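Trainee: One file is attached below, upload_30.txt, containing compact mmCIF, C-alpha atoms.
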# COMPACT_ATOMS: atom_id res chain seq x y z
CA MET A 73 69.05 74.72 111.65
CA GLU A 74 68.29 76.31 115.00
CA THR A 75 69.29 79.97 115.26
CA THR A 76 71.53 81.07 118.15
CA ASN A 77 73.51 84.10 119.24
CA LYS A 78 76.65 82.01 119.84
CA PRO A 79 79.35 80.82 117.41
CA LEU A 80 78.17 77.85 115.33
CA GLU A 81 79.76 74.43 115.78
CA LYS A 82 78.82 73.30 112.26
CA LEU A 83 79.18 74.89 108.84
CA HIS A 84 75.78 74.60 107.13
CA ILE A 85 77.16 75.38 103.71
CA PHE A 86 73.84 75.68 101.84
CA SER A 87 72.01 77.66 104.50
CA PHE A 88 71.47 81.41 104.84
CA LYS A 89 69.52 81.00 108.08
CA GLY A 90 70.81 82.89 111.11
CA VAL A 91 73.24 85.79 111.29
CA GLN A 92 76.25 83.43 111.30
CA MET A 93 75.52 81.73 107.97
CA ARG A 94 74.20 84.92 106.39
CA THR A 95 77.42 86.67 107.37
CA PHE A 96 79.49 83.71 106.15
CA HIS A 97 77.99 83.89 102.66
CA LEU A 98 78.01 87.67 102.41
CA THR A 99 81.62 87.93 103.57
CA TRP A 100 83.00 85.50 100.98
CA MET A 101 80.90 87.21 98.31
CA ALA A 102 82.30 90.59 99.37
CA PHE A 103 85.85 89.23 99.24
CA PHE A 104 85.14 87.70 95.82
CA LEU A 105 84.09 91.11 94.46
CA CYS A 106 87.06 92.80 96.11
CA PHE A 107 89.40 90.30 94.46
CA PHE A 108 87.62 90.88 91.16
CA GLY A 109 88.20 94.62 91.42
CA TRP A 110 91.76 94.18 92.72
CA PHE A 111 92.93 91.97 89.85
CA GLY A 112 90.51 93.00 87.11
CA LEU A 113 93.38 94.69 85.27
CA ALA A 114 95.78 91.71 85.43
CA PRO A 115 94.42 89.76 82.41
CA LEU A 116 94.18 93.01 80.41
CA MET A 117 97.80 94.04 80.98
CA THR A 118 98.89 93.03 77.47
CA VAL A 119 96.41 95.60 76.12
CA VAL A 120 97.32 98.22 78.75
CA LYS A 121 101.02 97.62 78.01
CA THR A 122 100.49 98.47 74.36
CA ASP A 123 98.12 101.37 75.05
CA LEU A 124 100.40 103.12 77.55
CA GLY A 125 103.70 101.95 76.02
CA LEU A 126 104.89 100.25 79.21
CA THR A 127 108.33 98.66 79.63
CA LYS A 128 109.06 95.46 81.57
CA GLY A 129 110.44 97.53 84.44
CA GLN A 130 107.32 99.69 84.56
CA ILE A 131 105.07 96.62 84.55
CA GLY A 132 107.15 95.32 87.46
CA ASN A 133 106.54 98.55 89.35
CA ILE A 134 102.81 98.27 88.64
CA ILE A 135 102.75 94.69 89.95
CA ILE A 136 104.53 95.84 93.13
CA ALA A 137 102.17 98.82 93.53
CA SER A 138 99.11 96.58 93.24
CA VAL A 139 100.12 94.71 96.39
CA ALA A 140 102.32 97.20 98.29
CA ALA A 141 99.54 99.42 99.63
CA THR A 142 97.80 96.35 101.01
CA VAL A 143 100.64 95.73 103.48
CA VAL A 144 99.83 98.84 105.53
CA ALA A 145 96.11 98.62 104.78
CA ARG A 146 95.79 95.09 106.20
CA ILE A 147 97.39 96.05 109.51
CA ALA A 148 95.17 99.14 109.79
CA ILE A 149 92.04 97.22 108.79
CA GLY A 150 92.83 94.47 111.32
CA LYS A 151 92.98 97.07 114.08
CA LEU A 152 89.69 98.62 112.85
CA CYS A 153 88.01 95.20 113.03
CA ASP A 154 88.98 94.98 116.70
CA THR A 155 87.75 98.48 117.52
CA TRP A 156 85.16 99.60 114.95
CA GLY A 157 83.76 96.20 113.98
CA PRO A 158 83.94 94.19 110.73
CA ARG A 159 80.53 95.31 109.44
CA LYS A 160 81.30 99.03 109.23
CA THR A 161 84.89 98.41 108.21
CA TYR A 162 83.96 96.21 105.22
CA ALA A 163 81.21 98.53 104.01
CA ALA A 164 83.54 101.55 104.17
CA LEU A 165 86.40 99.70 102.44
CA MET A 166 84.24 98.55 99.52
CA GLY A 167 82.57 101.93 99.10
CA ILE A 168 85.81 103.91 99.10
CA CYS A 169 87.84 101.51 96.95
CA SER A 170 85.10 101.21 94.34
CA ILE A 171 86.04 104.75 93.24
CA PRO A 172 89.58 104.06 91.89
CA VAL A 173 88.36 100.78 90.37
CA MET A 174 85.66 102.61 88.41
CA THR A 175 87.87 105.55 87.41
CA VAL A 176 91.23 103.90 86.57
CA GLY A 177 90.25 104.21 82.91
CA LEU A 178 90.66 107.99 83.12
CA VAL A 179 94.47 107.74 83.19
CA HIS A 180 96.64 108.05 80.09
CA SER A 181 100.16 107.86 81.50
CA TYR A 182 102.36 105.33 83.28
CA GLU A 183 102.60 107.54 86.38
CA GLY A 184 98.83 107.95 86.64
CA PHE A 185 98.22 104.24 86.13
CA LEU A 186 100.82 103.42 88.81
CA LEU A 187 99.06 105.66 91.35
CA PHE A 188 95.66 104.16 90.59
CA ARG A 189 97.07 100.63 90.87
CA LEU A 190 98.45 101.61 94.28
CA ALA A 191 95.04 102.95 95.37
CA ILE A 192 93.17 99.89 94.11
CA GLY A 193 95.59 97.68 96.07
CA VAL A 194 94.07 98.91 99.35
CA ILE A 195 91.03 96.74 98.65
CA GLY A 196 93.19 93.67 99.23
CA ALA A 197 92.78 94.37 102.97
CA SER A 198 89.27 92.93 102.58
CA PHE A 199 90.69 89.48 103.27
CA VAL A 200 91.44 90.41 106.89
CA ILE A 201 87.81 91.36 107.49
CA THR A 202 86.55 88.14 105.92
CA GLN A 203 88.78 86.02 108.17
CA TYR A 204 87.91 88.08 111.25
CA HIS A 205 84.19 87.84 110.59
CA THR A 206 84.17 84.08 110.09
CA SER A 207 86.45 83.62 113.13
CA VAL A 208 83.91 85.22 115.47
CA MET A 209 80.91 83.51 113.86
CA PHE A 210 82.15 79.90 114.26
CA ASP A 211 83.30 77.69 117.12
CA LYS A 212 86.95 76.65 117.52
CA LYS A 213 86.09 73.11 116.35
CA ILE A 214 85.13 74.31 112.87
CA VAL A 215 86.72 77.77 112.55
CA GLY A 216 89.62 76.53 110.40
CA THR A 217 87.21 75.04 107.87
CA ALA A 218 84.94 78.11 107.91
CA ASN A 219 87.90 80.48 107.41
CA ALA A 220 89.33 78.35 104.62
CA VAL A 221 86.06 77.98 102.71
CA ALA A 222 85.24 81.70 102.97
CA GLY A 223 88.77 82.70 102.03
CA GLY A 224 88.98 80.17 99.20
CA TRP A 225 85.66 81.08 97.64
CA GLY A 226 86.61 84.74 97.91
CA ASN A 227 90.02 84.11 96.35
CA LEU A 228 88.14 82.46 93.53
CA GLY A 229 87.55 86.00 92.32
CA GLY A 230 91.20 86.06 91.25
CA GLY A 231 90.62 83.10 88.93
CA ILE A 232 87.25 84.22 87.63
CA THR A 233 88.52 87.70 86.79
CA ASN A 234 91.29 86.17 84.63
CA MET A 235 88.59 84.31 82.71
CA VAL A 236 85.83 86.93 82.65
CA MET A 237 87.60 90.26 82.12
CA PRO A 238 89.05 89.28 78.70
CA LEU A 239 85.49 88.33 77.67
CA VAL A 240 84.10 91.62 78.98
CA PHE A 241 86.87 93.42 77.11
CA ALA A 242 86.08 91.47 73.92
CA GLY A 243 82.40 92.30 74.36
CA PHE A 244 83.09 96.03 74.33
CA VAL A 245 85.41 95.64 71.33
CA SER A 246 82.62 93.81 69.45
CA MET A 247 80.35 96.78 70.23
CA GLY A 248 82.72 99.01 68.28
CA TYR A 249 85.04 100.34 70.99
CA LEU A 250 88.76 100.45 70.26
CA PRO A 251 90.94 98.25 72.54
CA GLU A 252 92.42 101.34 74.23
CA SER A 253 88.89 102.36 75.24
CA ALA A 254 87.44 98.90 75.90
CA TRP A 255 89.76 98.04 78.83
CA ARG A 256 88.89 101.34 80.50
CA ILE A 257 85.13 100.81 80.24
CA ALA A 258 85.43 97.18 81.36
CA MET A 259 86.77 98.26 84.77
CA VAL A 260 83.60 100.23 85.51
CA ILE A 261 81.68 96.96 86.00
CA PRO A 262 83.57 95.60 89.04
CA GLY A 263 83.62 99.11 90.51
CA VAL A 264 79.85 99.45 90.39
CA LEU A 265 79.36 95.98 91.88
CA LEU A 266 81.63 96.87 94.81
CA PHE A 267 79.77 100.12 95.47
CA VAL A 268 76.39 98.39 95.57
CA PHE A 269 77.59 95.51 97.73
CA ALA A 270 78.93 97.91 100.36
CA PHE A 271 75.32 98.81 101.23
CA VAL A 272 74.23 95.16 101.16
CA TYR A 273 76.96 94.18 103.63
CA TYR A 274 76.16 97.01 106.03
CA ARG A 275 72.47 96.17 105.98
CA PHE A 276 72.49 92.39 106.34
CA THR A 277 75.45 91.48 108.60
CA LYS A 278 76.34 91.95 112.28
CA ASP A 279 79.73 92.22 113.97
CA THR A 280 79.23 89.13 116.17
CA PRO A 281 76.53 86.46 116.66
CA ALA A 282 75.36 88.42 119.72
CA GLY A 283 75.08 91.75 117.87
CA ASN A 284 77.06 94.77 116.70
CA PHE A 285 79.91 96.23 118.74
CA GLU A 286 77.98 99.35 119.67
CA ASP A 287 75.03 97.26 120.92
CA LEU A 288 77.29 95.03 123.01
CA GLU A 289 79.02 98.03 124.57
CA ILE A 290 75.67 99.50 125.58
CA THR A 291 74.37 96.30 127.20
CA ASN A 292 77.72 95.23 128.66
CA PRO A 293 80.57 97.78 128.58
CA LYS A 294 83.14 95.03 129.26
CA ALA A 295 81.94 92.81 126.41
CA VAL A 296 84.35 94.26 123.87
CA LYS A 297 87.91 94.71 125.14
CA THR A 298 90.11 96.06 122.38
CA LYS A 299 92.81 98.23 123.95
CA GLY A 300 96.33 97.36 122.89
CA THR A 301 95.37 94.58 120.49
CA LEU A 302 98.08 95.45 117.96
CA LYS A 303 100.76 95.32 120.65
CA LEU A 304 99.48 91.95 121.88
CA ALA A 305 99.68 90.54 118.37
CA MET A 306 103.15 91.93 117.67
CA LYS A 307 104.67 90.54 120.89
CA ASP A 308 103.90 86.94 119.97
CA PRO A 309 106.60 85.22 117.81
CA ARG A 310 103.96 82.87 116.39
CA THR A 311 102.37 85.87 114.70
CA TRP A 312 105.60 86.54 112.81
CA ALA A 313 106.08 82.89 111.90
CA LEU A 314 102.65 82.96 110.28
CA PHE A 315 103.58 86.32 108.70
CA LEU A 316 106.46 84.57 106.91
CA ALA A 317 104.34 81.53 106.03
CA TYR A 318 101.57 83.61 104.50
CA GLY A 319 104.10 85.57 102.48
CA ALA A 320 105.30 82.25 101.08
CA CYS A 321 101.84 81.01 100.10
CA PHE A 322 99.29 83.82 99.60
CA GLY A 323 102.03 86.28 98.61
CA ILE A 324 103.01 84.01 95.76
CA GLU A 325 99.36 83.40 94.87
CA ILE A 326 98.61 87.06 94.21
CA THR A 327 101.94 87.47 92.41
CA PHE A 328 101.01 84.58 90.15
CA ASP A 329 97.54 86.07 89.61
CA ASN A 330 99.29 89.22 88.40
CA VAL A 331 101.82 87.63 86.04
CA ALA A 332 100.31 84.29 84.96
CA ALA A 333 98.37 85.51 81.91
CA LEU A 334 101.35 87.56 80.70
CA TYR A 335 103.71 84.61 81.36
CA PHE A 336 101.67 82.14 79.32
CA PHE A 337 101.05 84.73 76.58
CA GLU A 338 104.74 85.60 76.12
CA ASN A 339 106.51 82.29 76.96
CA PHE A 340 104.20 79.90 75.12
CA GLU A 341 102.72 82.31 72.54
CA THR A 342 99.10 81.62 73.44
CA SER A 343 96.21 83.93 72.60
CA LEU A 344 95.06 86.49 75.19
CA ALA A 345 91.88 84.47 75.87
CA THR A 346 93.81 81.18 76.25
CA ALA A 347 96.35 82.80 78.56
CA GLY A 348 93.49 84.15 80.67
CA ILE A 349 91.83 80.73 80.90
CA LEU A 350 95.08 79.02 81.93
CA ALA A 351 95.79 81.70 84.54
CA GLY A 352 92.17 81.50 85.66
CA THR A 353 92.50 77.76 86.26
CA PHE A 354 95.09 78.52 88.94
CA GLY A 355 92.68 80.83 90.75
CA PHE A 356 89.68 78.58 90.14
CA MET A 357 91.24 75.89 92.35
CA ASN A 358 90.29 78.06 95.33
CA ILE A 359 86.78 76.63 95.06
CA PHE A 360 88.09 73.56 96.90
CA ALA A 361 91.86 73.65 97.57
CA ARG A 362 91.94 76.21 100.37
CA ALA A 363 88.91 74.56 101.97
CA VAL A 364 90.72 71.20 101.91
CA GLY A 365 93.58 72.84 103.80
CA GLY A 366 91.22 74.16 106.47
CA ILE A 367 89.40 70.84 106.84
CA VAL A 368 92.64 68.86 107.15
CA ALA A 369 94.00 71.44 109.62
CA ASP A 370 90.91 71.10 111.85
CA LYS A 371 91.23 67.31 111.83
CA VAL A 372 94.97 67.42 112.53
CA GLY A 373 94.42 70.03 115.24
CA ASN A 374 91.75 67.95 116.97
CA LYS A 375 94.10 64.95 117.06
CA TYR A 376 97.58 66.47 117.43
CA GLY A 377 96.90 70.00 118.65
CA MET A 378 98.59 73.18 117.47
CA ILE A 379 101.94 71.42 117.04
CA GLY A 380 100.31 69.19 114.43
CA LYS A 381 98.90 72.19 112.58
CA GLY A 382 102.34 73.83 112.54
CA LYS A 383 104.05 70.74 111.11
CA LEU A 384 101.30 70.40 108.48
CA LEU A 385 101.86 74.00 107.39
CA ALA A 386 105.62 73.46 107.11
CA LEU A 387 105.13 70.32 104.99
CA LEU A 388 102.73 72.05 102.59
CA LEU A 389 105.10 74.99 102.15
CA ALA A 390 108.01 72.64 101.37
CA CYS A 391 105.92 70.85 98.72
CA GLU A 392 104.83 74.20 97.28
CA GLY A 393 108.44 75.35 96.94
CA ILE A 394 109.45 72.18 95.12
CA GLY A 395 106.43 72.47 92.81
CA ILE A 396 107.23 76.07 91.85
CA ALA A 397 110.84 75.11 91.09
CA LEU A 398 109.59 72.37 88.75
CA PHE A 399 107.15 74.82 87.13
CA ALA A 400 110.06 77.16 86.42
CA GLN A 401 111.82 74.38 84.50
CA SER A 402 108.80 73.46 82.34
CA GLY A 403 109.72 73.38 78.68
CA SER A 404 106.22 72.89 77.29
CA ILE A 405 102.84 74.35 78.01
CA VAL A 406 101.51 70.92 79.08
CA ALA A 407 104.29 70.50 81.66
CA ALA A 408 103.76 74.08 82.83
CA VAL A 409 100.03 73.57 83.39
CA VAL A 410 100.50 70.22 85.19
CA THR A 411 103.17 71.55 87.56
CA MET A 412 101.14 74.73 88.08
CA LEU A 413 98.14 72.71 89.24
CA CYS A 414 100.35 70.68 91.60
CA PHE A 415 102.02 73.61 93.34
CA ALA A 416 98.71 75.49 93.37
CA MET A 417 97.14 72.70 95.43
CA PHE A 418 99.87 72.85 98.07
CA LEU A 419 99.92 76.66 98.05
CA LYS A 420 96.19 77.06 98.54
CA MET A 421 96.05 74.35 101.21
CA ALA A 422 98.83 76.23 103.04
CA ASN A 423 96.65 79.38 102.87
CA GLY A 424 93.85 77.49 104.58
CA VAL A 425 96.09 75.96 107.25
CA THR A 426 97.63 79.36 108.09
CA TYR A 427 94.25 80.87 108.91
CA ALA A 428 93.21 77.72 110.77
CA ILE A 429 96.00 78.68 113.21
CA VAL A 430 95.46 82.48 113.31
CA PRO A 431 92.28 82.50 115.50
CA PHE A 432 94.14 80.58 118.23
CA ILE A 433 97.11 82.93 118.62
CA ASN A 434 95.28 85.48 120.77
CA GLN A 435 91.50 85.75 120.70
CA LYS A 436 91.59 89.19 122.29
CA ALA A 437 93.41 90.43 119.18
CA ILE A 438 91.96 88.36 116.32
CA GLY A 439 91.78 91.37 114.02
CA SER A 440 95.33 92.53 114.70
CA VAL A 441 96.81 89.04 114.32
CA SER A 442 94.82 88.57 111.10
CA GLY A 443 96.01 91.95 109.86
CA ILE A 444 99.70 91.31 110.52
CA VAL A 445 99.62 87.81 109.03
CA GLY A 446 97.61 89.08 106.06
CA ALA A 447 100.14 91.86 105.56
CA GLY A 448 102.81 89.16 105.41
CA GLY A 449 101.12 87.84 102.29
CA ASN A 450 101.54 91.18 100.61
CA VAL A 451 105.12 91.63 101.79
CA GLY A 452 105.86 88.31 100.08
CA ALA A 453 104.14 89.57 96.94
CA VAL A 454 106.10 92.83 96.96
CA LEU A 455 109.43 91.01 97.32
CA ALA A 456 108.48 88.59 94.55
CA GLY A 457 107.45 91.56 92.43
CA PHE A 458 111.00 92.92 92.48
CA LEU A 459 112.19 89.66 90.90
CA PHE A 460 109.72 90.01 88.05
CA LYS A 461 110.68 93.65 87.60
CA SER A 462 114.37 92.95 87.06
CA SER A 463 115.59 93.15 83.47
CA ASP A 464 118.44 90.73 84.32
CA ILE A 465 116.17 87.91 85.52
CA THR A 466 113.73 85.99 83.34
CA TYR A 467 110.30 85.07 84.68
CA SER A 468 111.39 81.41 84.81
CA GLU A 469 114.45 82.29 86.90
CA ALA A 470 112.27 84.39 89.21
CA PHE A 471 110.01 81.40 89.85
CA MET A 472 113.06 79.24 90.62
CA TYR A 473 114.34 81.71 93.22
CA ILE A 474 110.88 81.88 94.76
CA GLY A 475 110.72 78.10 95.08
CA VAL A 476 114.03 78.02 96.99
CA ALA A 477 112.93 80.87 99.29
CA ILE A 478 109.68 79.08 100.16
CA ALA A 479 111.55 75.91 101.05
CA CYS A 480 113.69 77.94 103.49
CA ILE A 481 110.61 79.48 105.10
CA ALA A 482 109.11 75.99 105.47
CA ALA A 483 112.17 75.03 107.55
CA VAL A 484 111.68 78.07 109.81
CA VAL A 485 107.97 77.31 110.34
CA ALA A 486 108.82 73.69 111.21
CA LEU A 487 110.94 74.94 114.14
CA ILE A 488 108.22 77.13 115.69
CA ASN A 489 106.21 75.86 118.67
CA PHE A 490 102.60 76.94 118.06
CA ASP A 491 101.35 75.05 121.12
CA LYS A 492 101.43 77.64 123.91
CA THR A 493 99.03 77.92 126.84
CA ARG A 494 97.67 81.26 125.70
CA SER A 495 96.61 79.74 122.38
CA VAL A 496 93.91 77.71 124.16
CA VAL A 497 90.45 79.20 123.67
CA THR A 498 87.59 78.96 126.11
CA GLU A 499 84.28 77.70 124.77
CA GLY A 500 81.93 80.31 123.30
CA THR A 501 83.93 83.44 124.22
CA LEU A 502 86.27 85.95 122.69
CA GLU A 503 88.54 85.97 125.75
CA PRO A 504 91.91 84.12 125.78
CA VAL A 505 92.97 81.76 128.53
CA GLU A 506 95.82 83.55 130.24
CA ALA A 507 99.10 81.69 130.67
Go ahead and render the structure in this file as structure tokens.
Mentor:
Amino acid sequence: METTNKPLEKLHIFSFKGVQMRTFHLTWMAFFLCFFGWFGLAPLMTVVKTDLGLTKGQIGNIIIASVAATVVARIAIGKLCDTWGPRKTYAALMGICSIPVMTVGLVHSYEGFLLFRLAIGVIGASFVITQYHTSVMFDKKIVGTANAVAGGWGNLGGGITNMVMPLVFAGFVSMGYLPESAWRIAMVIPGVLLFVFAFVYYRFTKDTPAGNFEDLEITNPKAVKTKGTLKLAMKDPRTWALFLAYGACFGIEITFDNVAALYFFENFETSLATAGILAGTFGFMNIFARAVGGIVADKVGNKYGMIGKGKLLALLLACEGIGIALFAQSGSIVAAVVTMLCFAMFLKMANGVTYAIVPFINQKAIGSVSGIVGAGGNVGAVLAGFLFKSSDITYSEAFMYIGVAIACIAAVVALINFDKTRSVVTEGTLEPVEA
């Protein structure tokens, strides 16, 4: 593969050659670790619940806290990507957020745990940087696929953590630690990994194929135009349509990551390890499902333009909503797993299609658009969290309401015209074509 200082037109998936592919691999790895730290506690909540004496309402508040802080953080991080650059932003985010991940085991009260869960939730903003970094490293012909693969492989951390953390916990128990100590020590591992990787990311990536922001500003002061990017993003109705769409797909994904193990454990009386494996299967589908969404979106976009991408997104959301409603009605664990895998496929493909559209909204404000849309995912998770918190609504009923809400959002997305003149991108540049 020939190295170049321009966005790549092909995704050389097994190559680390060149700053583009090196950044691609390091950014999905960083997001993977961030997801691991973010949801490392989720499969251990049955143990934490017993240790801290948590009620259903308190667990609901904890679920909301784990995603609430990310709403504001994603918007702020998106703006930082536009102004400070993704390299510095990612390194700082991982380094700072590694601290609450490593030290959450110091708390011994519901209030303290809630605050730490809120702090850890900030690391969810890492997704915005991953999508920004791949957007500037790849050409418009392949950017949807690149974004989807990087995002999907990073999201895989949510599935792996559901499988691995119970094993890590069990390992410490086998070493003689009591359960109430083992979960606390287990969280040190993802925290340390995040801290180390912050230095790796800073050292081996660049902001753009042509160099870091500060270097570009020195050689060409007009190369990086970032003033007013948040305002540009907020003025475009397509940004808010994608905000809703991402709340309906990724928002439900991280909600499910939070409650799946507990749902299987309590509703179908599985063991903690089995519940973790079943919940992990949902997240593990990110290894291919989100990428499939990005690949299909690029093909549809090349043939039918942005209108085609918009209709594809609406269709996937509608199928996701129906699948979740069927999952809510599952009377056996077999039916629950089958319907879970079906709606997971549509959900994760919708994730990929959403961020195959994002880079084309306004290339002058990629970070801000990514941040707002990403925040939409967490707004969806927060709203869903209130359903799971309620003592008057069962988890099954909550999933049914979510399915209906997603179907309504699909109808809204279907009515939006994503094909506007300013969405057209000129070849090999970060500048938009003005309407």
Trainee: Could you tell me how far atom CA of A:Ala197 lies from atom CA of A:Gly443, in Å and to one decimal?
Mentor: 8.0 Å
Trainee: Which residues are near A:Val409? Cut-off 12 Å, only C-alpha atoms, ignore same chain within fewer than 6 positions. Put them as number ranges by chain.
Mentor: A: 332, 335-336, 340, 347, 349-354, 395-396, 398-403, 415-416
Trainee: What is the atom CA of A:Ser170-atom CA of A:Gly263 distance in Å, reported with one decimal?
Mentor: 4.6 Å
Trainee: In Å, with one decimal, what is the gap from atom CA of A:Ala428 to atom CA of A:Ile324?
Mentor: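 So the answer is 19.0 Å.
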Trainee: Quick one: residues within 7 Å of A:Phe267, all atoms listed in the file, excluding same-chain residues fewer than 2 positions away - as number ranges by chain?
Mentor: A: 166-167, 170, 263-265, 269-270
Trainee: Go through A:Asp279, A:Gly223, A:Thr426, A:Ala191 one by one, measure the shortest atom-to-atom distance of each to A:Phe107 using all atoms listed in the file, and give the residue with the smallest value.
Mentor: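 The closest residue to A:Phe107 is A:Gly223.
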Trainee: Looking at A:Val91, A:Gly457, A:Ile232, A:Ala486, which one is nearest to A:Gln130, with distances taken over only C-alpha atoms?
Mentor: A:Gly457
Trainee: Looking at A:His84, A:His180, A:Val425, A:Leu459, which one is nearest to A:Lys383, with distances taken over all atoms listed in the file?
Mentor: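 Looking only at the distances to A:Lys383, the closest residue turns out to be A:Val425.
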Trainee: Closest to A:Gly439 among A:Arg94, A:His205, A:Lys278, A:Lys420, using all atoms listed in the file?
Mentor: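 With all atoms listed in the file as the atom set, the closest residue is A:His205.
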Trainee: With only C-alpha atoms as the counted atoms, please give the residues lying no more than 12 Å from A:Phe108, apart from itself and same-chain residues fewer than 4 positions off, as a VMD selection string.
Mentor: chain A and resid 101 to 104 112 to 115 166 170 173 192 to 193 195 to 196 198 225 to 237 258 to 266 329 352 355
Trainee: Would you list the contacts of stretch 367-381 of chain A as a list in words, taking every protein, DNA or RNA residue within 6 Å and counting only C-alpha atoms, but skipping same-chain residues closer than 5 positions in sequence?
Mentor: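 In the requested format, the answer is Gly216, Thr217, Val425, Phe490 and Asp491 of chain A.
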Trainee: Name the residues in contact with A:Lys213 at a cut-off of 7 Å, using only C-alpha atoms, excluding same-chain residues fewer than 2 positions from it; report them as a ChimeraX atom specification.
Mentor: /A:81,211,215,370
Trainee: Using only C-alpha atoms, pick whichever of A:Met93, A:Leu105, A:Thr122, A:Ala407 has the shortest atom-to-atom distance to A:Val268.
Mentor: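 Among the listed residues, A:Leu105 lies closest to A:Val268.
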